[in-house]
>>> print(open('my_file18.cif').read())   # mmCIF, C-alpha atoms and all ligand atoms
data_input
#
loop_
_atom_site.label_atom_id
_atom_site.label_comp_id
_atom_site.auth_asym_id
_atom_site.auth_seq_id
_atom_site.Cartn_x
_atom_site.Cartn_y
_atom_site.Cartn_z
CA MET A 623 64.30 59.78 -74.30
CA THR A 624 61.35 62.18 -74.69
CA ALA A 625 61.63 63.04 -71.04
CA TYR A 626 65.19 64.21 -71.72
CA SER A 627 64.47 66.33 -74.77
CA ALA A 628 66.58 69.43 -74.30
CA SER A 629 64.65 71.51 -76.79
CA LYS A 630 61.37 70.88 -74.98
CA LEU A 631 62.90 71.97 -71.68
CA ILE A 632 64.53 75.02 -73.23
CA GLN A 633 61.07 76.23 -74.24
CA CYS A 634 60.24 76.34 -70.53
CA ILE A 635 62.89 78.99 -69.84
CA ASP A 636 61.04 82.07 -68.65
CA ARG A 637 62.79 85.35 -69.21
CA ASP A 638 60.48 87.35 -66.92
CA ARG A 639 60.85 84.88 -64.09
CA LEU A 640 64.63 85.07 -64.46
CA VAL A 641 64.65 88.87 -64.47
CA THR A 642 62.36 89.09 -61.45
CA LEU A 643 64.53 86.69 -59.51
CA LEU A 644 67.71 88.51 -60.46
CA ARG A 645 66.21 91.83 -59.35
CA ASP A 646 65.21 90.29 -56.02
CA LEU A 647 68.77 89.02 -55.55
CA VAL A 648 70.34 92.38 -56.43
CA ALA A 649 67.97 94.15 -54.01
CA ILE A 650 69.44 92.20 -51.08
CA PRO A 651 72.79 93.86 -50.32
CA SER A 652 75.40 91.16 -49.78
CA VAL A 653 78.64 93.10 -49.84
CA ASN A 654 81.59 91.14 -48.53
CA PRO A 655 82.64 92.65 -45.17
CA PHE A 656 86.36 92.32 -46.13
CA ASP A 657 87.62 91.97 -42.53
CA GLN A 658 85.55 94.97 -41.41
CA PRO A 659 82.66 94.74 -38.93
CA VAL A 660 79.48 93.53 -40.64
CA SER A 661 77.59 96.57 -41.94
CA GLU A 662 74.03 97.15 -43.16
CA GLU A 663 75.22 96.38 -46.67
CA ALA A 664 76.84 93.07 -45.76
CA ARG A 665 73.75 90.90 -45.60
CA GLU A 666 75.18 87.59 -46.76
CA LEU A 667 72.95 85.81 -44.23
CA GLU A 668 69.82 87.39 -45.67
CA ILE A 669 70.66 86.44 -49.24
CA ALA A 670 71.56 82.91 -48.13
CA ASN A 671 68.16 82.61 -46.43
CA PHE A 672 66.39 83.95 -49.51
CA TYR A 673 68.28 81.64 -51.86
CA GLU A 674 67.64 78.61 -49.69
CA GLU A 675 63.91 79.43 -49.58
CA LYS A 676 63.82 79.72 -53.36
CA MET A 677 65.52 76.32 -53.71
CA GLN A 678 62.92 74.84 -51.35
CA GLU A 679 60.09 76.43 -53.34
CA ILE A 680 61.16 74.51 -56.44
CA GLY A 681 61.32 71.26 -54.49
CA MET A 682 65.03 70.97 -53.84
CA LEU A 683 66.29 69.33 -50.66
CA THR A 684 68.30 72.02 -48.95
CA SER A 685 70.95 72.20 -46.29
CA ARG A 686 73.26 74.86 -44.93
CA ARG A 687 76.40 75.26 -42.88
CA ASP A 688 77.77 78.35 -41.24
CA VAL A 689 81.28 78.98 -42.53
CA VAL A 690 81.64 81.52 -39.76
CA GLU A 691 78.77 82.76 -37.67
CA GLY A 692 76.15 84.44 -39.84
CA ARG A 693 77.89 83.61 -43.11
CA PRO A 694 76.55 80.29 -44.38
CA ASN A 695 76.97 78.21 -47.49
CA VAL A 696 73.59 76.94 -48.70
CA PHE A 697 72.99 73.83 -50.78
CA GLY A 698 70.10 72.47 -52.82
CA ARG A 699 69.87 68.98 -54.23
CA ILE A 700 67.67 67.21 -56.75
CA LYS A 701 68.19 63.52 -56.15
CA GLY A 702 69.02 61.43 -59.19
CA LYS A 703 68.62 57.70 -59.68
CA GLY A 704 72.17 57.12 -58.52
CA ASP A 705 73.38 55.96 -61.92
CA GLY A 706 75.02 59.13 -63.16
CA PRO A 707 77.45 61.84 -62.11
CA CYS A 708 76.68 64.41 -59.45
CA ILE A 709 76.88 67.85 -61.04
CA MET A 710 77.20 71.01 -58.96
CA MET A 711 76.21 74.46 -60.18
CA ALA A 712 78.18 76.80 -57.92
CA GLY A 713 78.06 80.53 -57.33
CA HIS A 714 79.03 83.03 -54.66
CA LEU A 715 76.45 85.00 -52.73
CA ASP A 716 78.68 87.98 -51.88
CA THR A 717 79.61 91.02 -53.95
CA VAL A 718 82.38 93.59 -53.88
CA GLY A 719 81.83 96.97 -52.21
CA VAL A 720 79.71 99.92 -53.29
CA VAL A 721 81.68 103.05 -52.35
CA ASP A 722 80.72 105.82 -54.83
CA TYR A 723 78.09 103.56 -56.46
CA ASP A 724 74.73 105.35 -57.00
CA ASN A 725 71.77 103.19 -55.92
CA PRO A 726 73.63 99.88 -56.14
CA PHE A 727 70.76 97.82 -54.72
CA ASP A 728 67.94 99.34 -56.75
CA PRO A 729 67.95 97.04 -59.78
CA LYS A 730 67.06 98.93 -62.95
CA ILE A 731 66.18 97.57 -66.36
CA LYS A 732 67.41 99.55 -69.34
CA ASN A 733 68.34 98.56 -72.90
CA ASP A 734 67.62 94.89 -72.24
CA ARG A 735 70.00 94.87 -69.29
CA VAL A 736 69.62 94.47 -65.54
CA TYR A 737 71.75 97.00 -63.64
CA GLY A 738 72.93 96.95 -60.02
CA ARG A 739 75.70 95.66 -57.77
CA GLY A 740 76.06 91.92 -58.26
CA SER A 741 73.85 91.84 -61.37
CA CYS A 742 76.77 90.47 -63.36
CA ASP A 743 79.13 89.13 -60.66
CA MET A 744 77.41 86.86 -60.01
CA LYS A 745 73.77 87.00 -59.03
CA ALA A 746 72.89 86.46 -62.70
CA GLY A 747 74.50 83.03 -62.50
CA LEU A 748 72.67 82.28 -59.24
CA ALA A 749 69.34 83.23 -60.83
CA VAL A 750 69.97 81.00 -63.84
CA PHE A 751 70.84 78.01 -61.62
CA LEU A 752 67.43 78.30 -59.95
CA GLU A 753 65.65 78.61 -63.29
CA VAL A 754 67.37 75.46 -64.57
CA ALA A 755 66.70 73.43 -61.42
CA GLY A 756 63.13 74.74 -61.30
CA ILE A 757 62.45 73.57 -64.86
CA LEU A 758 63.90 70.11 -64.24
CA SER A 759 61.88 69.82 -61.06
CA ARG A 760 58.57 71.09 -62.47
CA GLU A 761 58.87 68.96 -65.59
CA GLY A 762 59.52 65.92 -63.43
CA ILE A 763 62.77 65.02 -65.17
CA GLU A 764 64.43 62.14 -63.41
CA LEU A 765 68.17 62.59 -63.72
CA GLU A 766 70.63 59.73 -63.50
CA GLY A 767 72.83 61.61 -61.03
CA ASP A 768 72.20 64.25 -58.39
CA LEU A 769 72.05 67.90 -59.35
CA LEU A 770 73.40 70.29 -56.73
CA ILE A 771 73.31 74.04 -56.35
CA ALA A 772 75.83 75.65 -54.00
CA GLY A 773 75.38 79.26 -52.84
CA ILE A 774 78.80 80.13 -51.44
CA ALA A 775 80.00 82.77 -48.96
CA ASP A 776 83.03 85.03 -49.28
CA GLU A 777 84.35 84.41 -52.77
CA GLU A 778 85.39 88.03 -53.18
CA HIS A 779 87.80 87.97 -50.25
CA GLN A 780 89.35 84.84 -48.76
CA MET A 781 87.11 82.18 -50.33
CA ILE A 782 86.37 80.75 -46.90
CA GLY A 783 83.05 79.47 -48.24
CA SER A 784 84.52 77.21 -50.91
CA ARG A 785 87.40 76.23 -48.63
CA GLU A 786 84.73 74.97 -46.24
CA ILE A 787 83.21 72.89 -49.05
CA ARG A 788 86.66 71.57 -49.88
CA ALA A 789 86.99 70.38 -46.27
CA ASN A 790 83.44 69.17 -45.59
CA GLY A 791 81.82 68.56 -48.98
CA PRO A 792 79.63 67.98 -50.80
CA ILE A 793 82.25 67.11 -53.43
CA PRO A 794 80.56 66.66 -56.81
CA ASP A 795 81.79 64.68 -59.80
CA PHE A 796 81.73 67.80 -61.98
CA ALA A 797 81.13 71.49 -61.37
CA ILE A 798 79.89 74.48 -63.33
CA VAL A 799 80.83 77.83 -61.81
CA GLY A 800 78.59 80.60 -63.14
CA GLU A 801 81.03 83.51 -62.93
CA PRO A 802 80.64 86.04 -65.74
CA THR A 803 82.33 84.85 -68.94
CA GLU A 804 79.81 86.23 -71.47
CA LEU A 805 78.83 82.52 -71.65
CA GLU A 806 82.25 81.50 -72.99
CA VAL A 807 83.55 78.24 -71.59
CA SER A 808 86.69 78.55 -69.45
CA ARG A 809 88.39 75.46 -68.15
CA ALA A 810 91.38 77.24 -66.67
CA HIS A 811 92.52 80.24 -64.71
CA LYS A 812 95.75 81.23 -63.01
CA GLY A 813 96.23 80.93 -59.28
CA GLN A 814 96.87 83.83 -56.95
CA LEU A 815 99.36 84.12 -54.13
CA CYS A 816 99.49 87.22 -51.93
CA MET A 817 102.09 87.67 -49.20
CA HIS A 818 103.50 90.43 -47.04
CA ILE A 819 107.16 91.36 -47.12
CA HIS A 820 108.26 93.21 -43.97
CA THR A 821 111.39 95.22 -43.41
CA HIS A 822 112.52 95.97 -39.87
CA GLY A 823 114.53 99.07 -39.03
CA LYS A 824 115.27 101.22 -36.01
CA ALA A 825 113.29 104.33 -35.14
CA CYS A 826 114.91 107.62 -34.19
CA HIS A 827 114.40 111.34 -34.64
CA SER A 828 114.53 112.16 -38.32
CA SER A 829 116.96 115.04 -37.70
CA ILE A 830 119.63 112.44 -36.89
CA PRO A 831 118.79 109.70 -39.41
CA GLU A 832 122.27 108.23 -39.13
CA ASN A 833 121.25 106.90 -35.69
CA GLY A 834 118.36 104.86 -37.09
CA VAL A 835 117.65 102.26 -39.73
CA ASN A 836 115.07 103.38 -42.26
CA ALA A 837 112.70 100.50 -43.03
CA ILE A 838 111.09 102.37 -45.94
CA GLN A 839 114.42 102.91 -47.64
CA HIS A 840 115.21 99.23 -47.20
CA MET A 841 111.86 98.36 -48.74
CA SER A 842 112.72 100.55 -51.72
CA LYS A 843 115.76 98.34 -52.28
CA ILE A 844 113.52 95.27 -52.22
CA LEU A 845 111.23 96.88 -54.80
CA GLU A 846 114.28 97.52 -56.96
CA ALA A 847 115.43 93.93 -56.54
CA LEU A 848 112.02 92.72 -57.71
CA GLY A 849 111.82 95.38 -60.41
CA ASP A 850 112.50 93.11 -63.38
CA TYR A 851 110.92 89.96 -61.95
CA ASN A 852 108.10 90.19 -64.54
CA GLU A 853 110.68 90.23 -67.33
CA GLU A 854 112.20 87.06 -65.89
CA LEU A 855 108.76 85.42 -65.77
CA ARG A 856 108.01 86.43 -69.35
CA ALA A 857 111.36 85.09 -70.53
CA ARG A 858 110.46 81.57 -69.39
CA PRO A 859 108.87 79.16 -71.86
CA ALA A 860 105.13 79.89 -72.12
CA HIS A 861 102.77 77.44 -70.42
CA PRO A 862 100.53 75.96 -73.14
CA THR A 863 97.34 77.06 -71.39
CA PHE A 864 98.27 80.01 -69.23
CA GLY A 865 101.17 81.73 -70.93
CA HIS A 866 103.21 83.41 -68.20
CA GLY A 867 102.91 84.09 -64.50
CA SER A 868 103.03 87.67 -63.27
CA PHE A 869 104.01 89.76 -60.28
CA SER A 870 102.61 92.99 -58.89
CA PRO A 871 103.45 94.92 -55.71
CA GLY A 872 100.03 96.16 -54.62
CA VAL A 873 100.03 97.79 -51.16
CA ILE A 874 102.79 99.50 -49.22
CA LYS A 875 102.58 100.81 -45.67
CA GLY A 876 105.27 102.18 -43.41
CA GLY A 877 106.07 104.91 -40.93
CA ASP A 878 103.80 107.09 -38.78
CA ILE A 879 105.17 110.57 -38.99
CA ALA A 880 107.76 112.30 -41.17
CA SER A 881 109.81 113.44 -38.18
CA SER A 882 110.65 109.83 -37.24
CA VAL A 883 112.82 107.36 -39.07
CA PRO A 884 110.39 104.48 -39.69
CA ASP A 885 111.20 101.17 -38.02
CA SER A 886 108.90 99.06 -40.13
CA CYS A 887 107.49 98.84 -43.60
CA THR A 888 105.17 96.27 -45.18
CA LEU A 889 104.67 95.53 -48.84
CA GLU A 890 101.88 93.29 -50.08
CA VAL A 891 102.81 91.45 -53.25
CA ASP A 892 100.53 89.59 -55.64
CA ARG A 893 101.81 86.77 -57.81
CA ARG A 894 99.63 85.06 -60.44
CA LEU A 895 100.55 81.39 -60.61
CA LEU A 896 100.68 78.86 -63.38
CA SER A 897 99.53 75.32 -62.88
CA GLY A 898 102.50 73.54 -61.27
CA GLU A 899 104.00 76.58 -59.51
CA SER A 900 104.12 76.16 -55.74
CA VAL A 901 104.15 78.64 -52.87
CA GLN A 902 107.63 77.43 -51.88
CA GLN A 903 108.92 78.00 -55.39
CA VAL A 904 107.67 81.58 -55.45
CA VAL A 905 109.07 82.33 -51.99
CA SER A 906 112.47 81.04 -53.08
CA GLU A 907 112.29 83.24 -56.19
CA TYR A 908 111.64 86.26 -53.95
CA ARG A 909 114.51 85.23 -51.66
CA LYS A 910 116.92 84.73 -54.53
CA ARG A 911 116.42 88.36 -55.49
CA VAL A 912 116.23 89.90 -52.03
CA ASP A 913 118.75 87.90 -49.93
CA PRO A 914 121.84 89.39 -51.66
CA LEU A 915 120.83 92.83 -50.35
CA ALA A 916 121.95 91.78 -46.87
CA ALA A 917 125.56 91.73 -48.07
CA LYS A 918 125.31 95.26 -49.47
CA ILE A 919 123.18 97.09 -46.89
CA ASP A 920 123.98 97.45 -43.19
CA ASN A 921 121.32 96.24 -40.76
CA PHE A 922 119.12 94.86 -43.52
CA HIS A 923 116.40 92.63 -42.05
CA TYR A 924 113.34 91.38 -43.83
CA GLU A 925 110.85 88.56 -43.66
CA ILE A 926 108.18 87.09 -45.88
CA SER A 927 104.84 86.23 -44.27
CA GLU A 928 102.71 83.17 -44.72
CA PRO A 929 100.31 83.62 -47.66
CA THR A 930 97.61 86.21 -46.96
CA LEU A 931 95.73 84.72 -49.91
CA TYR A 932 96.38 81.55 -51.81
CA ALA A 933 94.01 80.47 -54.56
CA GLU A 934 95.00 77.56 -56.70
CA PRO A 935 95.02 77.63 -60.47
CA LEU A 936 92.23 75.83 -62.30
CA ASP A 937 93.40 73.51 -65.06
CA THR A 938 90.60 71.13 -66.00
CA SER A 939 91.56 68.77 -68.78
CA ALA A 940 90.21 69.72 -72.21
CA ASP A 941 89.19 66.06 -72.51
CA SER A 942 86.99 66.11 -69.40
CA PRO A 943 83.33 65.30 -70.19
CA ILE A 944 82.18 68.55 -68.56
CA VAL A 945 84.39 70.58 -70.91
CA GLN A 946 83.29 68.58 -73.93
CA LYS A 947 79.58 68.68 -73.14
CA ILE A 948 79.34 72.33 -72.17
CA THR A 949 81.37 73.32 -75.23
CA ALA A 950 78.89 71.41 -77.38
CA ALA A 951 75.98 73.02 -75.50
CA TYR A 952 77.48 76.45 -76.15
CA LEU A 953 77.71 75.66 -79.87
CA ASP A 954 74.13 74.32 -79.99
CA THR A 955 72.81 77.37 -78.16
CA LEU A 956 74.77 80.19 -79.80
CA GLN A 957 75.63 78.60 -83.17
CA VAL A 958 79.29 79.56 -82.83
CA ALA A 959 82.14 77.75 -81.12
CA SER A 960 83.37 78.97 -77.74
CA LYS A 961 86.80 80.56 -77.91
CA LEU A 962 87.65 78.67 -74.68
CA PRO A 963 89.37 81.63 -73.04
CA VAL A 964 91.49 81.40 -69.91
CA PHE A 965 89.41 83.10 -67.20
CA THR A 966 90.80 86.36 -65.80
CA GLY A 967 91.14 86.23 -62.04
CA SER A 968 90.62 83.36 -59.65
CA THR A 969 87.45 81.57 -58.52
CA ASP A 970 86.00 79.04 -56.09
CA ALA A 971 86.34 76.32 -58.75
CA PRO A 972 89.60 74.65 -57.58
CA ASN A 973 88.15 74.28 -54.06
CA LEU A 974 85.25 72.19 -55.37
CA MET A 975 87.71 69.33 -55.91
CA ALA A 976 86.15 68.19 -59.19
CA PRO A 977 86.70 68.84 -62.88
CA ALA A 978 85.14 72.28 -63.25
CA VAL A 979 84.31 74.82 -65.92
CA ILE A 980 83.52 78.50 -65.59
CA CYS A 981 80.65 79.65 -67.76
CA GLY A 982 78.14 82.32 -66.91
CA PRO A 983 76.15 85.34 -68.05
CA GLY A 984 77.65 88.83 -67.87
CA SER A 985 81.06 90.16 -68.72
CA VAL A 986 84.03 90.40 -66.44
CA LYS A 987 84.42 93.91 -67.91
CA GLN A 988 81.36 95.02 -65.91
CA ALA A 989 82.19 93.04 -62.78
CA HIS A 990 83.43 95.21 -59.88
CA THR A 991 82.67 98.46 -61.77
CA LEU A 992 80.36 101.24 -60.57
CA ASP A 993 77.94 100.54 -63.43
CA GLU A 994 77.48 96.80 -63.23
CA TYR A 995 74.97 95.15 -65.55
CA VAL A 996 74.11 91.92 -67.32
CA GLU A 997 72.54 91.52 -70.76
CA ILE A 998 69.13 89.89 -70.27
CA PRO A 999 69.38 87.63 -73.36
CA GLN A 1000 72.47 86.07 -71.76
CA LEU A 1001 70.33 84.89 -68.84
CA THR A 1002 68.09 82.75 -71.03
CA GLN A 1003 71.03 81.62 -73.15
CA ALA A 1004 72.92 80.55 -70.03
CA ALA A 1005 69.88 78.57 -68.89
CA ALA A 1006 69.79 76.79 -72.26
CA ILE A 1007 73.52 76.00 -72.09
CA TYR A 1008 73.25 74.61 -68.55
CA LEU A 1009 70.16 72.54 -69.38
CA ARG A 1010 71.79 71.03 -72.46
CA THR A 1011 74.97 70.33 -70.50
CA ILE A 1012 73.22 68.67 -67.56
CA LEU A 1013 71.18 66.43 -69.85
CA ALA A 1014 74.20 65.49 -71.97
CA MET A 1015 76.23 64.69 -68.85
CA GLN A 1016 73.79 62.12 -67.49
CA HIS A 1017 75.64 59.20 -69.02
CA SER A 1018 79.16 60.64 -68.59
CA GLY A 1019 81.76 59.87 -66.01
ZN ZN A 1101 82.54 86.61 -59.01
#
>>> encode(input="my_file18.cif", output="structure tokens", more="lines below")
Ligand SMILES: [Zn+2]
Amino acid sequence: MTAYSASKLIQCIDRDRLVTLLRDLVAIPSVNPFDQPVSEEARELEIANFYEEKMQEIGMLTSRRDVVEGRPNVFGRIKGKGDGPCIMMAGHLDTVGVVDYDNPFDPKIKNDRVYGRGSCDMKAGLAVFLEVAGILSREGIELEGDLLIAGIADEEHQMIGSREIRANGPIPDFAIVGEPTELEVSRAHKGQLCMHIHTHGKACHSSIPENGVNAIQHMSKILEALGDYNEELRARPAHPTFGHGSFSPGVIKGGDIASSVPDSCTLEVDRRLLSGESVQQVVSEYRKRVDPLAAKIDNFHYEISEPTLYAEPLDTSADSPIVQKITAAYLDTLQVASKLPVFTGSTDAPNLMAPAVICGPGSVKQAHTLDEYVEIPQLTQAAAIYLRTILAMQHSG
């Protein structure tokens, strides 16, 4: 078992190498284009190329697939003996936008932190994956099962990258997603369902509004009808892991000019889902509240769109070996027990089609802010947690 000694491998973790790599990753702008034309800052292809090269440099077998043109997923593999589980370390290559962010791609080091867009969410995780794989490769550790790294496109928008993996593989036996959790182990997060609600009216000159049907006013009735939906959700019995689902109207658009009665209005609604809640169920909850308006309001017409975003909840069993082993690795590394929080937000994890945990350096409090950073000690600690977990998992599953 000497070859598998975790403590020996942990001594190989190199803080400077990690920081240098993270700075290189931050310096490549990879802002998600969010349905806009690809700009100078949206260089997902360049970061995918860089990340693939780095995986090759440490001896990983790499492959890539375009999810859409110029936006690939990249994969690295260290072949195991074929006697153990295939473990994937997964992270997204894109970041959120940088409007009003001063020097987002000029990574600075201050107070033992690396600053810059993506430093925390989640290029830190990507850097640690490479450090871990590099150590295993350089030390010639022969794992029982394959170790995979996946660098994934488009997590911050539609998750088309992980949906592509869901459709075409590789599907691992277990997955670690390195989103920022301050290293805490999360085995669950809520799902997310976004949809448009449209109201249809009839345009006319606003000086004779009685001749038209005002779609904005009809939408205001829908908002009223959904006004206490959160109270209803909170009144239901709490889910043992997730607590309660929630609802939020997020975007409203309607009308062109004040001197016309608007003939259409669109509301985008966001619903956070519990494990077990389906799209159909949520739509029928919306309808139950909104349909009765048709009896009270003349010419009331509305429709609910197909989902504009649907991300499943993650609900990995607490008994899964990956949860058990990474929780033990957390305890060994940090000398305290993980609080096992439910992760805020949604991730690629459910699309990886395997029992998955979320555990990574950086805090979700800094993610998406205009002053993003990661604590450098968390990089080396994350590497130690992943190494311990991977070694402990070799005879699991
Ligand atoms: Zn993220």
>>> atom_distance(input="my_file18.cif", atom1="atom CA of A:Gly747", atom2="atom CA of A:Glu778")
15.2 Å
>>> closest_residue(input="my_file18.cif", among="A:Val912, A:Ala789, A:Val799, A:Met710", to="A:Glu846", atoms="all atoms listed in the file")
A:Val912
>>> residues_near_ligand(input="my_file18.cif", ligand="ligand ZN 1101 (chain A)", cutoff="9 Å", atoms="all atoms listed in the file", output="PyMOL selection string")
chain A and resi 713-718+740+742-745+777-778+800-802+968-970+986+989-990
>>> residues_around(input="my_file18.cif", residues="A:Ala951", least_positions_apart="6", cutoff="12 Å", atoms="all atoms listed in the file", output="CSV table (one decimal) with C-alpha atoms, keeping the file's coordinate frame")
chain,number,residue,atom,x,y,z
A,628,ALA,CA,66.6,69.4,-74.3
A,629,SER,CA,64.6,71.5,-76.8
A,632,ILE,CA,64.5,75.0,-73.2
A,805,LEU,CA,78.8,82.5,-71.6
A,806,GLU,CA,82.2,81.5,-73.0
A,807,VAL,CA,83.6,78.2,-71.6
A,943,PRO,CA,83.3,65.3,-70.2
A,944,ILE,CA,82.2,68.6,-68.6
A,945,VAL,CA,84.4,70.6,-70.9
A,957,GLN,CA,75.6,78.6,-83.2
A,958,VAL,CA,79.3,79.6,-82.8
A,959,ALA,CA,82.1,77.8,-81.1
A,960,SER,CA,83.4,79.0,-77.7
A,981,CYS,CA,80.6,79.6,-67.8
A,1003,GLN,CA,71.0,81.6,-73.2
A,1004,ALA,CA,72.9,80.6,-70.0
A,1005,ALA,CA,69.9,78.6,-68.9
A,1006,ALA,CA,69.8,76.8,-72.3
A,1007,ILE,CA,73.5,76.0,-72.1
A,1008,TYR,CA,73.2,74.6,-68.6
A,1009,LEU,CA,70.2,72.5,-69.4
A,1010,ARG,CA,71.8,71.0,-72.5
A,1011,THR,CA,75.0,70.3,-70.5
A,1012,ILE,CA,73.2,68.7,-67.6
A,1013,LEU,CA,71.2,66.4,-69.8
A,1014,ALA,CA,74.2,65.5,-72.0
A,1015,MET,CA,76.2,64.7,-68.8
>>> closest_residue(input="my_file18.cif", among="A:Ala772, A:Leu1001, A:Ile650, A:Leu667", to="A:Glu753", atoms="only C-alpha atoms")
A:Leu1001
